[in-house]
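K.L.:
What follows is a single structure, and I will ask about it in a moment.
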Protein chains: 2
Amino acid sequence: MEVIEAVGELRSRIKEFKRQGKTIGFVPTMGFLHEGHISLMKKAREETDIVIVSIFVNPTQFGPNEDFESYPKDMVRDQRLTESVGVDFLFTPTVTEMYPDGYSTFVEVAGDLTRQLCGRTRPGHFRGVTTIVAKLFHMTTPDYAYFGKKDAQQVVVIEKMVRDLNMDIVIVPCSIVREEDGLAMSSRNSYLTEADRKKAQVLSQSLFETKAKIASGERDITTIKQFIVSRIKQIEGALIDYVEIVHSKTLENMNQIKGNILIALAVKFGKTRLIDNIDMVV
Amino acid sequence: MEVIEAVGELRSRIKEFKRQGKTIGFVPTMGFLHEGHISLMKKAREETDIVIVSIFVNPTQFGPNEDFESYPKDMVRDQRLTESVGVDFLFTPTVTEMYPDGYSTFVEVAGDLTRQLCGRTRPGHFRGVTTIVAKLFHMTTPDYAYFGKKDAQQVVVIEKMVRDLNMDIVIVPCSIVREEDGLAMSSRNSYLTEADRKKAQVLSQSLFETKAKIASGERDITTIKQFIVSRIKQIEGALIDYVEIVHSKTLENMNQIKGNILIALAVKFGKTRLIDNIDMVV
């Protein structure tokens, strides 16, 4: 595996492989890699000739009071992990390379898609995401790009950007990877105190219980939402940001449990905001 | 020459040439081609293996009270002209193909670069331009893209987008082509009445006279601006939108005539808004 910091070098290496007709798989990350990331890399390794992983903690997708400064890092471990999965290039650009002085171009998916769910609490977040992903796509020119479904809204927003801007890239959404107790893997789990780590089980538990309820016939959206909300509220210190049931492809509000549904939630434990979701076809 | 309307078909034809290692030259236009466009195509023809010209009157770059509906068209003549220059592909997508229902993604160069000059009178114009150009770039994957310097601000904005978003494309700005009497070629010249067509000479004339003044030592910005303004005001019915002297690379305001300068102006004759400019290194 080669670790590359400069865009120009990455580009010239990729062009070489493109000329040889090789397919490129790309996994953009913010580092502090976990099993979720690894599952993306493995899938890319299986499906494409050349696998590129980027690690870049992107300042433009963090709000002013969010955790950009404290976002966890462990480059040594990340390098070992990517190497062990058989990644070809680990791309680790600097902030100055990505956003030089005077930087001023943004890619934005407008409308409800980015205004609701996480977009409501994190204004500007998705603009930061689509901008950096567009940049990384232009740098890495992937045939396939892999994203985790834990960030369900991010997947839908990026698919929309790719479609609207006619990028010739296949977005591959990958299943959520969970800890043994159900907690969705996230670099931010490292922020949790031991007590909150235990309490955070309520996210996946309430989602799994909801899934069972729907499987056994429950179809009323209000009942289901209320169930999840009351289930989370039982946990001391759990502060609900949102609990929503939407169409999993369009993120539009549903008025019945039918078709492609996404049940998504965001909950804060202290300063740590966690998200989780399940999608179902009913 | 092949005329192609569908993105998918264009893409598959281009990929074939890319695989053969051919270079792609791209000339985006809104049609109703004139000598200015032809000079871009000829340059592309000289410098690249495969030349693609697009004709698309892009609704998102027109303001609500602008001339989108009445923008001149002559596809038969355009086809003949592109064919005669040796263009390989004429791409003529439909509005529905470019902006399908629910379209919502925009590329924007923020800040002064798009707020001043034409951006002041045409809010949203450059967002429309960068969005459509990004889309066309993703569709045509050019190595070189050719733009006329008559739209000087457009060239600077697109160069900024390409640089900021790390698009691997060389922007080639090409000299303004003028009518015999100096009027810069523009599809919009066709709107002019015979009387206004004559009056419109004042744009290029005032710029050439200014160039001569600077060549013979004039360096005072206020004096020069006032000269141009009073020169245009002598013409009955000429309504000045702006007369500006800025840095030709950054479009920043200058406080002296020195270095890379751009003298740009926009003037209305009736409903027809014309622009022109000269750049100089002083």
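Convention: chains lettered A, B, ... in structure tokens order; per-chain residue numbering from 1; ligands numbered from 1 as shown.
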Would you write out, as a tab-separated table, a table of all residues in chain B that have an atom no more than 7 Å from an atom of chain A, listing for each the closest atom pair and the distance in Å to one decimal, considering only C-alpha atoms and ordering rows by chain and rising residue number?
P.N.:
```
residue	atom	partner	partner_atom	distance
B:Arg19	CA	A:Arg19	CA	6.7
B:Tyr103	CA	A:Asp164	CA	6.2
B:Ser104	CA	A:Ala110	CA	5.3
B:Thr105	CA	A:Val109	CA	4.2
B:Phe106	CA	A:Glu108	CA	5.3
B:Val107	CA	A:Val107	CA	4.5
B:Glu108	CA	A:Phe106	CA	5.3
B:Val109	CA	A:Thr105	CA	4.2
B:Ala110	CA	A:Ser104	CA	5.3
B:Gly111	CA	A:Ser104	CA	6.8
B:Ala134	CA	A:Leu165	CA	6.9
B:Lys135	CA	A:Leu165	CA	4.8
B:His138	CA	A:Met167	CA	5.4
B:Met139	CA	A:Asn166	CA	6.2
B:Met161	CA	A:Thr105	CA	6.0
B:Asp164	CA	A:Thr105	CA	6.0
B:Leu165	CA	A:Lys135	CA	4.8
B:Asn166	CA	A:Lys135	CA	5.7
B:Met167	CA	A:His138	CA	5.4
```
K.L.:
Write the residues of the selection above to a file with all heavy atoms, as a compact mmCIF listing (two decimals), in the first residue's frame.
P.N.:
```
# COMPACT_ATOMS: atom_id res chain seq x y z
N ARG B 19 -10.38 5.29 -24.02
CA ARG B 19 -9.64 4.02 -23.93
C ARG B 19 -8.51 3.96 -24.95
O ARG B 19 -7.47 3.36 -24.72
CB ARG B 19 -10.59 2.84 -24.17
CG ARG B 19 -11.15 2.23 -22.89
CD ARG B 19 -11.81 0.88 -23.16
NE ARG B 19 -12.93 0.98 -24.09
CZ ARG B 19 -14.19 1.21 -23.71
NH1 ARG B 19 -14.50 1.38 -22.44
NH2 ARG B 19 -15.15 1.29 -24.61
N TYR B 103 -34.94 18.04 -10.09
CA TYR B 103 -33.52 18.43 -10.12
C TYR B 103 -33.25 19.42 -8.99
O TYR B 103 -34.01 20.37 -8.80
CB TYR B 103 -33.18 19.08 -11.46
CG TYR B 103 -31.71 19.37 -11.54
CD1 TYR B 103 -30.84 18.45 -12.11
CD2 TYR B 103 -31.17 20.52 -10.98
CE1 TYR B 103 -29.48 18.67 -12.13
CE2 TYR B 103 -29.80 20.75 -10.98
CZ TYR B 103 -28.96 19.82 -11.57
OH TYR B 103 -27.61 20.03 -11.57
N SER B 104 -32.15 19.26 -8.25
CA SER B 104 -31.94 20.17 -7.11
C SER B 104 -30.48 20.41 -6.74
O SER B 104 -30.20 20.93 -5.65
CB SER B 104 -32.69 19.64 -5.89
OG SER B 104 -32.13 18.43 -5.45
N THR B 105 -29.53 20.05 -7.59
CA THR B 105 -28.11 20.20 -7.20
C THR B 105 -27.47 21.38 -7.94
O THR B 105 -27.62 21.50 -9.16
CB THR B 105 -27.34 18.90 -7.49
OG1 THR B 105 -28.01 17.82 -6.84
CG2 THR B 105 -25.91 19.00 -6.96
N PHE B 106 -26.76 22.20 -7.19
CA PHE B 106 -26.13 23.38 -7.79
C PHE B 106 -24.67 23.50 -7.39
O PHE B 106 -24.30 23.15 -6.28
CB PHE B 106 -26.91 24.64 -7.39
CG PHE B 106 -28.31 24.62 -7.93
CD1 PHE B 106 -29.35 24.09 -7.18
CD2 PHE B 106 -28.56 25.03 -9.23
CE1 PHE B 106 -30.64 24.00 -7.71
CE2 PHE B 106 -29.83 24.95 -9.77
CZ PHE B 106 -30.88 24.44 -9.01
N VAL B 107 -23.89 23.99 -8.33
CA VAL B 107 -22.47 24.27 -8.07
C VAL B 107 -22.33 25.78 -8.05
O VAL B 107 -22.77 26.46 -8.98
CB VAL B 107 -21.57 23.67 -9.16
CG1 VAL B 107 -20.11 24.01 -8.90
CG2 VAL B 107 -21.77 22.16 -9.24
N GLU B 108 -21.75 26.28 -6.98
CA GLU B 108 -21.69 27.74 -6.84
C GLU B 108 -20.30 28.20 -6.42
O GLU B 108 -19.74 27.69 -5.45
CB GLU B 108 -22.72 28.20 -5.79
CG GLU B 108 -22.79 29.70 -5.67
CD GLU B 108 -24.10 30.18 -5.04
OE1 GLU B 108 -24.74 29.39 -4.32
OE2 GLU B 108 -24.47 31.35 -5.28
N VAL B 109 -19.77 29.16 -7.18
CA VAL B 109 -18.58 29.87 -6.74
C VAL B 109 -19.10 31.07 -5.95
O VAL B 109 -19.77 31.94 -6.51
CB VAL B 109 -17.71 30.31 -7.93
CG1 VAL B 109 -16.55 31.19 -7.45
CG2 VAL B 109 -17.20 29.11 -8.70
N ALA B 110 -18.86 31.06 -4.65
CA ALA B 110 -19.40 32.11 -3.78
C ALA B 110 -18.47 33.33 -3.76
O ALA B 110 -17.37 33.28 -4.28
CB ALA B 110 -19.60 31.56 -2.37
N GLY B 111 -18.95 34.40 -3.17
CA GLY B 111 -18.08 35.56 -2.93
C GLY B 111 -18.12 36.59 -4.04
O GLY B 111 -18.94 36.53 -4.96
N ALA B 134 -20.42 22.30 -14.98
CA ALA B 134 -20.00 21.11 -14.23
C ALA B 134 -20.67 19.86 -14.79
O ALA B 134 -20.03 18.83 -15.00
CB ALA B 134 -20.33 21.26 -12.74
N LYS B 135 -21.97 19.96 -15.05
CA LYS B 135 -22.70 18.83 -15.63
C LYS B 135 -22.10 18.43 -16.99
O LYS B 135 -21.80 17.26 -17.23
CB LYS B 135 -24.18 19.21 -15.81
CG LYS B 135 -25.00 19.19 -14.52
CD LYS B 135 -26.39 19.78 -14.71
CE LYS B 135 -27.27 18.99 -15.64
NZ LYS B 135 -27.72 17.68 -15.16
N HIS B 138 -18.81 16.74 -16.62
CA HIS B 138 -18.93 15.34 -16.20
C HIS B 138 -19.39 14.44 -17.34
O HIS B 138 -19.03 13.27 -17.42
CB HIS B 138 -19.91 15.23 -15.02
CG HIS B 138 -19.42 15.85 -13.76
ND1 HIS B 138 -20.23 16.50 -12.87
CD2 HIS B 138 -18.17 15.93 -13.23
CE1 HIS B 138 -19.52 16.95 -11.85
NE2 HIS B 138 -18.26 16.62 -12.06
N MET B 139 -20.20 14.99 -18.23
CA MET B 139 -20.70 14.20 -19.36
C MET B 139 -19.64 14.00 -20.42
O MET B 139 -19.57 12.93 -21.03
CB MET B 139 -21.87 14.94 -20.01
CG MET B 139 -23.11 14.98 -19.16
SD MET B 139 -24.29 16.13 -19.95
CE MET B 139 -25.67 15.95 -18.81
N MET B 161 -13.86 27.45 -10.36
CA MET B 161 -14.59 26.21 -10.08
C MET B 161 -13.71 24.98 -10.33
O MET B 161 -13.64 24.07 -9.50
CB MET B 161 -15.85 26.11 -10.94
CG MET B 161 -16.54 24.75 -10.83
SD MET B 161 -17.95 24.56 -11.96
CE MET B 161 -17.10 24.21 -13.53
N ASP B 164 -10.97 24.87 -7.62
CA ASP B 164 -11.49 24.54 -6.29
C ASP B 164 -12.01 23.11 -6.21
O ASP B 164 -11.82 22.43 -5.20
CB ASP B 164 -12.63 25.51 -5.91
CG ASP B 164 -12.12 26.82 -5.32
OD1 ASP B 164 -10.89 26.97 -5.17
OD2 ASP B 164 -12.95 27.70 -5.01
N LEU B 165 -12.70 22.67 -7.24
CA LEU B 165 -13.30 21.32 -7.20
C LEU B 165 -12.37 20.25 -7.77
O LEU B 165 -12.77 19.10 -7.92
CB LEU B 165 -14.65 21.30 -7.93
CG LEU B 165 -15.78 22.10 -7.29
CD1 LEU B 165 -17.09 21.86 -8.04
CD2 LEU B 165 -15.97 21.73 -5.81
N ASN B 166 -11.12 20.64 -8.05
CA ASN B 166 -10.11 19.67 -8.51
C ASN B 166 -10.53 18.91 -9.76
O ASN B 166 -10.29 17.71 -9.88
CB ASN B 166 -9.81 18.66 -7.38
CG ASN B 166 -9.53 19.33 -6.06
OD1 ASN B 166 -10.43 19.48 -5.23
ND2 ASN B 166 -8.31 19.77 -5.87
N MET B 167 -11.19 19.63 -10.67
CA MET B 167 -11.50 18.99 -11.95
C MET B 167 -10.22 18.95 -12.78
O MET B 167 -9.48 19.93 -12.83
CB MET B 167 -12.57 19.82 -12.68
CG MET B 167 -13.91 19.79 -11.97
SD MET B 167 -15.04 20.99 -12.73
CE MET B 167 -16.62 20.42 -12.04
```
K.L.:
Would you mind writing down, as a ChimeraX atom specification, each residue of region 45-192 of chain A that DSSP on the backbone assigns to helix (DSSP H, G or I)?
P.N.:
/A:45-47,59-61,75-85,95-98,112-115,118-121,125-140,149-164,187-191
K.L.:
Can you list, as a list in words, every protein, DNA or RNA residue that comes within 10 Å of Asn255 (chain B) when you count only C-alpha atoms, leaving out same-chain residues fewer than 2 positions away?
P.N.:
Arg219, Asp220, Ile221, Thr222, Ile245, Val246, His247, Glu252, Asn253, Ile257 and Lys258 of chain B
K.L.:
Near region 142-153 of chain A, within 8 Å and counting only C-alpha atoms, which residues show up once chain neighbours fewer than 3 positions away are dropped, as a VMD selection string?
P.N.:
chain A and resid 23 to 28 36 to 37 40 to 41 44 48 113 to 114 117 to 118 137 156 to 157 168 to 176 184 251 275 to 277
K.L.:
What separation in Å, quoted to one decimal, exists between CA of Thr96 (chain A) and CA of Tyr71 (chain A)?
P.N.:
17.9 Å
K.L.:
Enumerate the residues of region 66-226 of chain A with a DSSP assignment of strand (DSSP E or B), computed from the backbone, and present them as a ChimeraX atom specification.
P.N.:
/A:89-91,105-109,144-148,170-174,178,184
K.L.:
Residues of the last selection are to be written out with N, CA, C and O atoms, as a short mmCIF file (atom, residue, chain, number, x, y, z; two decimals), in the first residue's frame.
P.N.:
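So the final result, stored in part00.cif, reads:
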```cif
data_model
loop_
_atom_site.label_atom_id
_atom_site.label_comp_id
_atom_site.auth_asym_id
_atom_site.auth_seq_id
_atom_site.Cartn_x
_atom_site.Cartn_y
_atom_site.Cartn_z
N PHE A 89 -4.14 2.41 -2.28
CA PHE A 89 -3.69 3.78 -1.99
C PHE A 89 -4.45 4.35 -0.80
O PHE A 89 -5.68 4.31 -0.78
N LEU A 90 -3.70 4.84 0.16
CA LEU A 90 -4.30 5.58 1.26
C LEU A 90 -4.00 7.05 1.02
O LEU A 90 -2.83 7.46 1.03
N PHE A 91 -5.05 7.81 0.78
CA PHE A 91 -4.89 9.23 0.42
C PHE A 91 -5.21 10.08 1.64
O PHE A 91 -6.30 10.02 2.18
N THR A 105 -15.76 27.51 -3.68
CA THR A 105 -16.74 26.79 -4.50
C THR A 105 -17.45 25.69 -3.71
O THR A 105 -16.80 24.91 -3.01
N PHE A 106 -18.76 25.66 -3.82
CA PHE A 106 -19.55 24.68 -3.07
C PHE A 106 -20.53 23.96 -3.96
O PHE A 106 -21.09 24.52 -4.89
N VAL A 107 -20.73 22.69 -3.64
CA VAL A 107 -21.73 21.88 -4.33
C VAL A 107 -22.85 21.64 -3.32
O VAL A 107 -22.60 21.21 -2.19
N GLU A 108 -24.05 21.95 -3.74
CA GLU A 108 -25.16 21.86 -2.79
C GLU A 108 -26.37 21.15 -3.41
O GLU A 108 -26.82 21.51 -4.49
N VAL A 109 -26.86 20.15 -2.68
CA VAL A 109 -28.16 19.58 -3.02
C VAL A 109 -29.17 20.39 -2.20
O VAL A 109 -29.15 20.35 -0.97
N TYR A 144 -16.61 3.02 -8.78
CA TYR A 144 -17.52 2.68 -7.68
C TYR A 144 -17.07 3.41 -6.41
O TYR A 144 -15.88 3.47 -6.13
N ALA A 145 -18.05 3.95 -5.67
CA ALA A 145 -17.72 4.59 -4.40
C ALA A 145 -18.62 4.00 -3.32
O ALA A 145 -19.82 3.80 -3.53
N TYR A 146 -18.03 3.71 -2.17
CA TYR A 146 -18.70 2.93 -1.12
C TYR A 146 -19.01 3.79 0.09
O TYR A 146 -18.12 4.46 0.63
N PHE A 147 -20.27 3.73 0.51
CA PHE A 147 -20.72 4.54 1.65
C PHE A 147 -21.54 3.67 2.60
O PHE A 147 -22.31 2.81 2.15
N GLY A 148 -21.38 3.91 3.89
CA GLY A 148 -22.12 3.14 4.90
C GLY A 148 -23.54 3.66 5.05
O GLY A 148 -23.78 4.86 5.02
N VAL A 170 -20.81 4.82 -9.75
CA VAL A 170 -21.84 4.01 -9.09
C VAL A 170 -21.65 4.11 -7.58
O VAL A 170 -20.57 3.82 -7.06
N ILE A 171 -22.70 4.57 -6.90
CA ILE A 171 -22.65 4.65 -5.44
C ILE A 171 -23.12 3.30 -4.88
O ILE A 171 -24.19 2.81 -5.24
N VAL A 172 -22.29 2.73 -4.02
CA VAL A 172 -22.62 1.44 -3.43
C VAL A 172 -22.90 1.61 -1.93
O VAL A 172 -21.97 1.79 -1.14
N PRO A 173 -24.18 1.61 -1.55
CA PRO A 173 -24.49 1.74 -0.12
C PRO A 173 -24.26 0.39 0.56
O PRO A 173 -24.66 -0.64 0.03
N CYS A 174 -23.62 0.41 1.73
CA CYS A 174 -23.27 -0.85 2.41
C CYS A 174 -23.93 -0.92 3.78
O CYS A 174 -24.06 0.09 4.48
N ARG A 178 -22.59 -3.47 13.25
CA ARG A 178 -22.95 -3.17 14.64
C ARG A 178 -22.04 -3.86 15.64
O ARG A 178 -21.48 -4.92 15.34
N ALA A 184 -24.63 0.78 16.48
CA ALA A 184 -24.03 0.96 15.16
C ALA A 184 -22.61 1.48 15.32
O ALA A 184 -22.35 2.38 16.12
#
```
K.L.:
Just the residues within 10 Å of Leu274 (chain A), please, counting only C-alpha atoms, with nothing from its chain fewer than 3 positions along; format it as a ChimeraX atom specification.
P.N.:
/A:183-184,186,188-189,192,200,203,240-241,265-269,271
K.L.:
To one decimal place, how far is CA of Pro93 (chain A) from CA of Ala6 (chain A) in Å?
P.N.:
6.3 Å
K.L.:
Might you pull out every residue within 10 Å of Gly63 (chain B), with only C-alpha atoms counted and same-chain residues fewer than 3 positions away left off, and present them as a VMD selection string?
P.N.:
chain B and resid 59 to 60 66 to 68 121 to 125 128
K.L.:
Which neighbours of Phe208 (chain B) fall inside 12 Å, counting only C-alpha atoms, when residues of the same chain fewer than 3 positions from it are skipped, and could you give them as a list in words?
P.N.:
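After dropping sequence-adjacent residues, the list is Asp181, Gly182, Leu183, Gln201, Val202, Leu203, Ser204, Gln205, Lys211, Ala212, Lys213, Ile214, Ala215, Ile224, Phe227, Ile228, Arg231, Ile263, Ala264, Asp276, Asn277, Ile278, Asp279 and Met280 of chain B.
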K.L.:
Which value, in Å to one decimal, gives the distance between CA of Asp196 (chain B) and CA of Glu236 (chain B)?
P.N.:
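Computing the Euclidean distance for CA of Asp196 (chain B) and CA of Glu236 (chain B) yields 9.5 Å.
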